[in-house]
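Structure record follows, encoded as structure tokens.
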Amino acid sequence: MTNSWTDIKNTDLVIIMGGNAAEAHPCGFKWVTEAKANRGAKLIVVDPRYNRSAAVADFYAPIRQGSDIAFLLGVINQCIQNDKVQWDYVKAFTNATYLVKDGFAYSDGLFTGYDESKRDYNRDEWEYQIGEDGYVLTDDTLTNPRCVWNLLKQHVAVYTPEMVERICGTPKDKFLKVAQMMGECSAPDKVMTSMYALGWTQHSKGAQNIRCMAMIQLILGNVGMRGGGVNALRGHSNIQGLTDIGLMSNLIPGYLNIPTDKETDFATYMSTRAFKPLRPNQMSYWQNYKKFFVSFMKSMYGPAATPENDWAYDYLPKLDVSGYDVLRAFEMMKQGKMNLYFCQGFNPLQAFPNKAKLAEALGKLKLLVIMDPLETETARFWEDHGVFNKADPSAVKTEVIQLPTTCFAEDEGALVNSGRWLQWHWAAGTPPGEAKHDAWIMAQIHLRLKELYRTEGGTFPDPIVNLNWPYADPGEPTPEELAKEMNGSALVDVFDPNDPTKKVLEAGKQLSGFGQMRDDGTTAGGCWIFSGSWTEAGNMMARRDNSDPGDTGAFLKWSFAWPANRRILYNRASCDLDGKPWDSSRKLIEWDGAKWSGYDVPDIAPTANPRDVGPFIMNPEGSGRLFVRKMMRDGPFPAHYEPFESPVANVVAPKVRGNPVARVFPDDWKQFADIGDPAFPYAGTSYRLTEHFHYWTKNNHVNAVLQPEQFVEISEELAKEKGITLGGWVRVWSKRGEIYAKAVVTKRIKPMTIDGKTVHIVGVPIHWGFVGAARKGFPANVLTPFVGDANIETPEFKAFMVNIEPSTGPVA
Amino acid sequence: MFPPIPNPTLPPPEPKFGEKDIMRRSASNVTPPAERLTEVAKLIDVTKCIGCKACQAACLEWNNLTEEVGFNHGVYENPMDLTPDTFTLMRFTEWVNPETENLEWLIRKDGCMHCEDPGCLKACPSPGAIVQYSNGIVDFQHENCIGCGYCIKGCPFDIPRISKVDHTAYKCTLCSDRVAVGQGPACQKACPTQAIVFGTKDEMKDWADFRIKDLKSRGFENAGLYDPQGVGGTHVMYVLHHADKPSIYAGLPDNPRISPIVETWKGVTKYLGLAVMGFAAAAGALHYFVAGPNKVTEEDEENAEKLTEGKAPPPPADPTQSQGHAP
Amino acid sequence: MNMELSRRAFLRTSGAGLAGTTLGAMGFGEAEAATAAYIKPFHLANTTETRNTCTYCSVACGIIIYSKGDLKKGEKAEIVHIEGDADHPTNRGTLCPKGAALRDIVHSAQRLQYPMLRKAGSDSFERISWDVALDKIARAMKDDRDANFIAKNADGTTVNRWLSTGFLAASATTNETAFATYKVVRSTGMLAFDNQARV
């Protein structure tokens with residue numbers, strides 16, 4: 001989230017699209033109902049189903065799953081056509097005026113530089129025109145045809161209301177009503193917020209769905225505003241934290257990157273991370289990259305990270321591909337290239353696409369290690385459960401070690417919520433049986449491995465035996481020790497760079513923030529964005545003062561928010577060019593002629609003159625990007641692409657199948673239904689129900705009572721056509737597998753007309769499996785295709801093709 | 001935002017009401033307390049409800065109830081009806097508004113309404129099995145319950161259910177144990193959107209007015225409060241977008257009232273009254289005192305049925321009927 | 001941290017609505033002392049309160065866990081109830097149907113109790129000790145890493161990666177656990193390292 005849950009109360013218009021906040025985040029959704037009750041805010045829901053959020057919406061518009069980009073570019077088109085643009089904001093705070101290289105173009109669904117054999121672009125032309133002074137050329141009059149604004153205008157022109165209806169199935173009048181309501185928020189005193197989740201991310205072009213909304217929010221001038229922003233609702237309780245700490249193939253904590261093969265040494269690695277400002281006077285905060293990187297390496301390798309060895313640069317693995325994400329890992333596993341696999345609180349047999357492929361892959365491992373508080377299907381993938389999980393245990397040679405871990409109630413530490421709040425919690429209960437904390441398990445594994453390398457030697461033991469492990473009890477680092485380590489501390493006395501006689505930090509003291517980090521090895525800090533969370537003043541994450549001066553929803557003294565306890569990102573953009581709030585009733589911060597101050601921690605240097613420094617300080621431009629340069633693999637502007645399995649061909653680019661640069665493994669292509677395949681005529685989508693959390697709460701008797709048995713949802717029209725009765729059994733199958741479920745026949749799903757063709761929707765809730773308190777069922781991933789988003793490999797769970805028929809139910 | 005009730009203090013204060021505040025007691029004569037407690041109420045704003053069932057979960061947890069894991073019957077309700085372990089239940093209705101032709105998903109939390117004039121209590125033949133406190137809470141006292149089921153028949157909302165385990169009647173207590181120490185009911189505390197709020201009845205009416213104004217501004221001209229006077233008003237009230245048509249909300253009675261027969265059957269005159277009216281039910285009732293609760297005959301049931309009229313149709317047993325209450 | 005103080009502050013600033021419930025307004029003045037025979041006793045009376053955060057979604061609702069016994073005093077603590085924390089700015093005491101049933105996930109019949117091993121070709125798990133489990137894991141890691149570690153790529157560049165072992169990290173563990181996990185996993189050169197952010 002750019003903003004926070006409590007900030008939503010400040011909005012005038014909530015658009016829930018690509019999510020279902022009432023269903024999946026009920027207690028956060030409270031702030032929508034508050035905005036409605038206290039400000040007269042309106043709620044729009046755009047979704048294939050009339051869902052629980054729609055039940056309390058002011059306006060609902062249906063949309064076919066996987067067509068959001070066409071809808072949203074249609075909205076941008078309407079904003080441009082009807083002059084619903086916050087012009088002062090767009091001209092000053094976005095790259096609308098920037099000139100783009102002459103080589104950049106778009107036609108027939110493809111941008112310049114496409115190489116079909118590589119399914120990739122050469123992105124060199126997706127760049128600004130740079131002047132002799134090294135800065136971007138601009139045209140403040142917006143008349144140059146090469147300026148971003150004019151290129152955008154041209155790019156979205158095809159997405160007329162008629163085209164939106166043709167692609168999305170949204171009736172034109174409903175689309176126009178939504179566009180009009182959104183467009184009204186271009187007024188400086190009207191603000192819209194966007195709430196989205198997996199409904200946007202789980203597509204082969206998920207990241208571009210979100211780009212669309214970011215662009216709309218820039219055009220409407222709603223980024224940085226109270227009640228505005230682009231708000232990812234996020235899923236699991238600490239998935240924000242796990243991502244912040246970089247537990248991903250290509251990340252180092254704080255959104256730094258693992259080097260690639262091409263970055264043969266530290267100097268080369270740093271050469272592309274200098275991030276020189278692209279406009280005069282800009283801050284370009286990533287110029288501090290080296291400070292964060294070196295501090296991380298000091299935290300990781302302590303005395304073994306030295307200037308001489310480039311801070312142990314070679315201890316880091318180098319990537320030869322963009323990343324070894326879960327999909328790639330399972331593909332490798334299936335090919336026999338993976339021997340050991342660890343699942344920590346994770347049930348991938350249910351959570352990733354194409355269950356049959358996943359089970360086959362797991363069966364090729366030598367050893368699978370499970371750490372979990374609960375039984376999982378993954379731990380028992382080898383167990384025969386008849387139709388629910390066909391297996392022959394004697395044929396599965398994989399050894400499985402299942403380790404019992406504590407759960408939230410038995411552990412202490414911090415979780416990061418969607419609004420980037422780090423909230424500390426305390427242990428309350430004694431763990432069951434021999435269950436252990438995950439940190440204990442990880443420490444035990446490390447110590448044993450280190451001991452083996454010490455005694456036996458082996459391949460490149462250096463990063464293991466030199467791993468900085470400064471804990472009082474090496475067998476179990478405490479939450480306090482680890483939290484302090486992430487915050488960072490001074491390793492020696494640190495002096496002011498401008499005045500070497502002035503000591504700014506004493507050796508051993510906690511840093512007060514990442515501003516104190518150094519690139520000379522004198523500070524350590526595991527995760528720079530968390531710096532400030534445990535300072536000399538104590539554990540900031542444990543703060544529980546819920547006062548809220550000005551009733552802004554900021555709650556600055558409650559817990560700690562990264563970065564720097566800032567609650568609304570880009571909040572400098574809540575003020576005009578002179579530093580005065582666009583809307584005085586929504587004051588967040590303000591420039592008093594000398595400095596910035598207000599209800600939130602300013603997202604700008606405290607003394608940065610508003611006329612000089614742009615609000616988007618992480619970008620070298622200082623501005624928000626309507627044109628995203630070469631930073632996304634599938635285009636600097638979003639474009640409509642159909643899902644890989646789709647009822648119709650791409651109307652705007654008939655020759656393009658799916659996202660043209662999404663990675664597809666050869667065997668998986670064969671398991672995709674053809675476009676418009678009559679064997680799989682219905683548009684399937686998977687989703688969550690409010691009564692359950694993923695595959696966890698089927699282990700909870702109460703939640704099993706509230707929603708006991710698997711079902712799929714279909715329209716009354718499709719039920720009639722197929723002879724399916726309410727509450728009767730159906731079989732649903734895709735090219736990858738079949739499930740049996742009860743039929744919920746509902747008025748909340750309606751057939752849609754897509755490009756002149758009737759398309760029925762089959763909704764598949766995800767929560768069932770073969771272990772737990774709820775009735776046995778099938779996870780939705782039996783049906784879904786093994787393909788991910790072109791940029792970040794989020795699986796395409798939201799749009800796939802199936803068939804359905806009445807059934808007598810599963811025969812076990 | 002309606003200010004949340006502060007977390008409980010531990011140890012809790014002494015219970016703030018009890019036996020001395022009993023205003024009515026089934027099949028008994030009580031001297032009403034000289035001073036009535038401030039009336040409390042739970043307000044359920046159907047228009048803010050997202051049907052998440054947090055209220056159901058919280059109710060099961062707080063009251064340590066174990067409901068069976070059921071089946072899916074093609075609808076979102078689970079279980080399909082109130083049970084001795086499910087005191088509250090979300091009921092879902094897909095209703096197409098004939099005026100706008102828009103689909104509306106009406107979701108109502110069903111459960112005891114805590115009537116000011118409680119039909120269950122009045123129909124109950126067992127002394128002290130049902131009591132009403134002067135704050136409005138109607139509570140069952142299981143050690144006095146004989147499991148005859150008259151309370152169900154007497155209830156215009158069809159709420160109580162008889163346990164097959166201990167053969168006594170169960171329903172929502174309005175969390176009297178929580179209210180007694182200054183907490184709100186468990187369902188109210190959990191409700192994510194504050195569709196359920198709790199306070200004095202006057203506060204709840206004011207809050208309802210505030211909500212109804214907002215709804216009218218959004219085009220719900222018939223938005224209003226459901227506090228049916230046929231039962232003297234209730235201590236559980238609804239805000240409805242279509243207060244002119246309560247029955248579209250999964251059969252909420254348009255005009256609930258207790259049968260006049262039950263009405264005339266009061267206090268110690270109950271048995272006499274019954275005898276005079278010539279109902280065989282009196283004999284039936286006496287039979288339970290002697291023989292215990294396990295021998296409810298069909299005849300007794302029928303007799304009990306005759307005691308009441310004008311109550312809501314029970315929720316449909318056939319799941320296919322609960323989907324649409326469309327006209 | 002002063003809970004009472006913060007609660008008062010909270011109520012002060014949140015009183016913007018029309019109505020305000022106070023215990024006094026419900027008519028429960030101190031003079032109302034009464035017998036409790038008819039009302040069930042408040043069953044949290046002799047429990048310990050602990051502040052925690054709901055384990056499910058990222059709204060991160062504040063919760064209070066009530067237990068018999070106090071971990072901080074070194075006692076065995078059994079969780080008897082979990083309820084929303086009314087002091088929490090986001091959820092203000094409310095919980096969803098999952099959060100409201102948290103107690104039953106803590107006590108789920110499917111909670112794992114002991115380290116278990118399923119041998120190749122076996123149709124069941126058998127109980128093993130922590131030492132056996134951890135030694136076996138470390139041995140398997142070392143053997144696989146030594147056999148398959150890639151120190152240099154075809155161009156002779158130092159790449160120091162280990163691709164034949166992978167690690168999927170959790171989504172509900174703490175930052176602190178995550179950081180310990182990061183250090184241990186990354187130090188081995190593993191690249192097939194991922195989390196649950198996408199699903």
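Just so we're on the same page: first chain in the structure tokens is A, next is B, and so on; residues restart at 1 for each chain, and ligands are numbered from 1 in the order they show up.
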Give me the chain B side of the contact with chain A, cut-off 9 Å, one line per residue showing its nearest atom pair and distance in Å at one decimal, counting only C-alpha atoms, sorted by chain and residue number, as a tab-separated table.
```
residue	atom	partner	partner_atom	distance
B:Met1	CA	A:Glu34	CA	6.4
B:Thr47	CA	A:Val56	CA	6.6
B:Lys48	CA	A:Val56	CA	6.3
B:Cys49	CA	A:Val56	CA	7.4
B:Ile50	CA	A:Arg52	CA	5.5
B:Gly51	CA	A:Arg52	CA	7.0
B:Cys52	CA	A:Thr690	CA	5.8
B:Lys53	CA	A:Glu691	CA	7.1
B:Ala54	CA	A:Glu691	CA	8.2
B:Gln56	CA	A:Leu706	CA	7.9
B:Ala57	CA	A:Val702	CA	6.4
B:Leu60	CA	A:Val702	CA	7.4
B:Glu61	CA	A:Val702	CA	8.1
B:Thr66	CA	A:Val702	CA	7.8
B:Glu67	CA	A:Val705	CA	6.6
B:Glu68	CA	A:Val705	CA	6.3
B:Val69	CA	A:Val705	CA	4.5
B:Gly70	CA	A:Pro708	CA	5.8
B:Phe71	CA	A:Glu709	CA	5.5
B:Asn72	CA	A:Glu709	CA	5.3
B:His73	CA	A:Gly727	CA	4.4
B:Gly74	CA	A:Gly727	CA	3.6
B:Val75	CA	A:Val744	CA	5.7
B:Tyr76	CA	A:Gln707	CA	7.8
B:Glu77	CA	A:Leu706	CA	7.9
B:Asn78	CA	A:Leu706	CA	5.3
B:Pro79	CA	A:Leu706	CA	7.0
B:Glu94	CA	A:Lys747	CA	6.8
B:Trp95	CA	A:Lys747	CA	8.7
B:Val96	CA	A:Lys747	CA	8.9
B:Leu103	CA	A:Arg748	CA	7.6
B:Glu104	CA	A:Ala55	CA	6.6
B:Trp105	CA	A:Ala55	CA	5.4
B:Leu106	CA	A:Ala55	CA	7.5
B:Ile107	CA	A:Ala55	CA	8.5
B:Cys191	CA	A:Cys27	CA	8.2
B:Pro192	CA	A:Cys27	CA	4.5
B:Thr193	CA	A:Lys30	CA	4.4
B:Gln194	CA	A:Lys30	CA	7.4
B:Phe210	CA	A:Ala37	CA	8.9
B:Arg211	CA	A:Ala37	CA	7.5
B:Asp214	CA	A:Ala37	CA	6.8
B:Ser217	CA	A:Gly40	CA	8.7
B:Arg218	CA	A:Asp58	CA	7.8
B:Pro319	CA	A:Gly727	CA	7.8
B:Thr320	CA	A:Leu726	CA	6.2
B:Gln323	CA	A:Thr746	CA	7.7
B:Gly324	CA	A:Lys747	CA	8.7
```
Original post:
Could you write out, as a ChimeraX atom specification, all the residues of range 668-798 of chain A that DSSP marks as helix (DSSP H, G or I)?
Top reply: /A:668-670,697-699,701-706,716-722,780-782
Write the residues of the selection above to a file with C-alpha atoms, as a short mmCIF file (atom, residue, chain, number, x, y, z; two decimals), in the first residue's frame.
```cif
data_model
loop_
_atom_site.label_atom_id
_atom_site.label_comp_id
_atom_site.auth_asym_id
_atom_site.auth_seq_id
_atom_site.Cartn_x
_atom_site.Cartn_y
_atom_site.Cartn_z
CA ASP A 668 3.17 -26.41 -20.40
CA TRP A 669 2.25 -25.00 -23.81
CA LYS A 670 0.89 -28.45 -24.64
CA THR A 697 -8.53 -22.82 8.09
CA LYS A 698 -9.84 -26.06 6.70
CA ASN A 699 -7.90 -27.32 9.72
CA HIS A 701 -13.32 -26.76 13.04
CA VAL A 702 -15.17 -23.44 13.30
CA ASN A 703 -14.25 -22.33 9.80
CA ALA A 704 -15.04 -25.80 8.50
CA VAL A 705 -18.52 -25.37 9.98
CA LEU A 706 -18.99 -21.99 8.35
CA GLU A 716 -28.72 -19.64 -13.48
CA GLU A 717 -28.44 -19.51 -17.27
CA LEU A 718 -25.51 -21.91 -17.44
CA ALA A 719 -27.15 -24.22 -14.89
CA LYS A 720 -30.24 -24.36 -17.05
CA GLU A 721 -28.24 -24.97 -20.19
CA LYS A 722 -26.29 -27.82 -18.63
CA ALA A 780 -8.42 -25.11 -7.50
CA ASN A 781 -4.87 -25.54 -8.80
CA VAL A 782 -5.87 -28.91 -10.25
#
```
**OP:** Check the smallest atom-to-atom distance from each of A:Met270, A:Ala70, A:Met215, A:Ile766 to chain C using only C-alpha atoms, then report the winner.
**Re:** A:Ile766
**OP:** Would you kindly return, as a PyMOL selection string, each protein, DNA or RNA residue with an atom no farther than 8 Å from any atom of range 334-344 of chain A, considering only C-alpha atoms and excluding same-chain residues fewer than 2 positions away?
**Re:** (chain A and resi 329-332+346-348+357-358+360-362+364-372) or (chain C and resi 140-141+144+163-170)
Subject >> Shell of 9 Å around range 114-127 of chain C, only C-alpha atoms, local chain residues under 6 positions omitted, as a VMD selection string >> reply: (chain A and resid 366 380 382 to 384 392 to 404 432 to 435) or (chain C and resid 133)
Original post:
Tell me, which residues of chain C carry DSSP strand (DSSP E or B), written as a PyMOL selection string?
Top reply: chain C and resi 48-53+57+62-68+78-84+111+116-118+126-127+150-152+158-168+190-194
Subject >> C:Asn91, C:Ala138, C:Val199, C:Asp85 ranked by distance to Leu349 in chain A, top pick (using only C-alpha atoms) >> reply: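 Smallest distance to Leu349 in chain A is found for C:Val199.
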